[in-house]
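Undergrad: Submitted below is the structure of interest, expressed as C-alpha cells.
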Amino acid sequence: MSAFPGISTLMSRAGAASVVTAATVTASMLLPGMSAEASAATPGAAALKVAASKQGSPYQYGAAGPNRFDCSGLTLYSFKKVGKNLPRTAADQYNKTRHISSGSRQAGDLVFFHSGSNVYHVGIYAGNNKIWHSPKPGTSVRLEKIWSGSVWYGRVN
C-alpha cells in the first residue's frame with residue numbers, strides 16, 4: 001500500500017509523454033518545502049527575515065548581535081547568517097554593495113541614509129517604503145517607515 005494514495009493512479013494515467021510532469025507532481029508531494037519560490041529566495045530576502053526576527057532587541061553602539069545591535073551591526077549580522085559578509089560600518093557597507101535606483105529596490109536591499117556624501121545610517125528594505133533597523137540609543141530593532149528622501153540603495157551580491 002502506498003504512503004501517498006493516488007500517486008500510482010496518477011502515474012498509470014500519465015503515459016509516456018507525461019512522465020516528467022508526473023515526476024514533478026510526485027516530487028512536490030513528497031517535498032512540499034521545495035517549491036520554485038523557496039529555491040529562488042535571494043540573500044537579501046533571507047537576511048530580511050533574520051533582521052525581522054530580532055525585533056525588540058535593544059540598540060547598543062558598536063554591537064553586532066546576537067542580542068544587541070547598532071544599525072550596521074544589524075545588517076552585518078543578518079547577512080552573515082545567510083552566508084554573506086559585509087564590512088562593519090554603514091559607509092563601508094554602502095561601498096561594498098551594488099548601487100541601485102529607488103525604482104529597482106527590492107525587499108532585502110540595504111537603505112543608506114546620507115547627508116551629502118556622508119552615510120550615517122543603514123537598514124534593510126522590507127517593502128512598502130519601510131525598513132528594519134536599529135535606530136538609536138534607547139530604542140530597539142523595529143520596522144519603520146523611511147522618513148527621509150536622502151537615501152541610497154544597495155544590493156548585496
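Identifiers in this document derive from the order of the C-alpha cells: chains are assigned A, B, ..., residues are numbered from 1 separately in each chain, and ligands are numbered from 1 in order of occurrence.
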Contacts of Ser57 of chain A at 6 Å or less, counting only C-alpha atoms, minus same-chain residues fewer than 3 places along, as a list in words?
TA: Lys54, Asn67, Arg68, Ser140 and Val141 of chain A
Undergrad: Include C-alpha atoms and write out the residues we just selected as a short mmCIF file (atom, residue, chain, number, x, y, z; two decimals), in the first residue's frame.
TA:
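Result written to part-v7.cif:
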data_model
loop_
_atom_site.label_atom_id
_atom_site.label_comp_id
_atom_site.auth_asym_id
_atom_site.auth_seq_id
_atom_site.Cartn_x
_atom_site.Cartn_y
_atom_site.Cartn_z
CA LYS A 54 15.49 40.44 16.02
CA ASN A 67 21.07 40.19 21.28
CA ARG A 68 22.02 43.89 20.84
CA SER A 140 15.21 48.65 19.76
CA VAL A 141 15.16 46.86 16.41
#
Undergrad: Name the residues in contact with Ala63 of chain A at a cut-off of 12 Å, using only C-alpha atoms, excluding same-chain residues fewer than 2 positions from it; report them as an MDAnalysis selection string.
TA: chainID A and resid 57:61 65:77 88:89 134 136:137
Undergrad: Quick one: everything within 6 Å of Ala107 of chain A, counting only C-alpha atoms, minus sequence neighbours fewer than 3 positions away in the same chain. Send it as a ChimeraX atom specification.
TA: /A:125-127
Undergrad: Please produce a file of those selected residues containing N, CA and C atoms, as a compact mmCIF listing (two decimals), in the first residue's frame.
TA:
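Result went into result21.txt, see below:
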# COMPACT_ATOMS: atom_id res chain seq x y z
N TYR A 125 15.60 47.04 3.58
CA TYR A 125 14.31 47.37 2.98
C TYR A 125 13.34 46.21 3.13
N ALA A 126 12.13 46.51 3.63
CA ALA A 126 11.12 45.49 3.88
C ALA A 126 9.94 45.58 2.91
N GLY A 127 9.99 46.53 1.97
CA GLY A 127 8.85 46.76 1.09
C GLY A 127 7.95 47.83 1.67
Undergrad: Please provide as a PyMOL selection string all residues within 12 Å of Lys130 of chain A, with the sequence filter that same-chain residues fewer than 4 positions apart are discarded (counting only C-alpha atoms).
TA: chain A and resi 48+52+105-111+123-126+142-148
Undergrad: Need the shell around Trp152 of chain A: protein/DNA/RNA residues with any atom at most 12 Å away, counting only C-alpha atoms. Skip same-chain ones fewer than 4 positions apart. Format as a PyMOL selection string?
TA: chain A and resi 90-91+93-95+97-105+109-125+146+148
Undergrad: How many Å lie between atom CA of Pro87 of chain A and atom CA of Lys49 of chain A, rounded to one decimal?
TA: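 One can read the atom CA of Pro87 of chain A to atom CA of Lys49 of chain A distance as 19.9 Å.
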Undergrad: So the first atom is atom CA of Ser78 of chain A and the second is atom CA of Ala46 of chain A; what is the distance between them in Å, to one decimal place?
TA: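 Computing it gives 8.2 Å between the two atoms.
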Undergrad: Rounded to one decimal place, report the atom CA of Lys96 of chain A-atom CA of Asn157 of chain A distance in Å.
TA: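 A separation of 9.2 Å between them.
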Undergrad: Name the residues of segment 65-146 of chain A that fall into strand (DSSP E or B) according to DSSP on the backbone, using the chain letters and numbers of this document, as a PyMOL selection string.
TA: chain A and resi 69+98-100+110-115+118-127+130-133+140+142-145
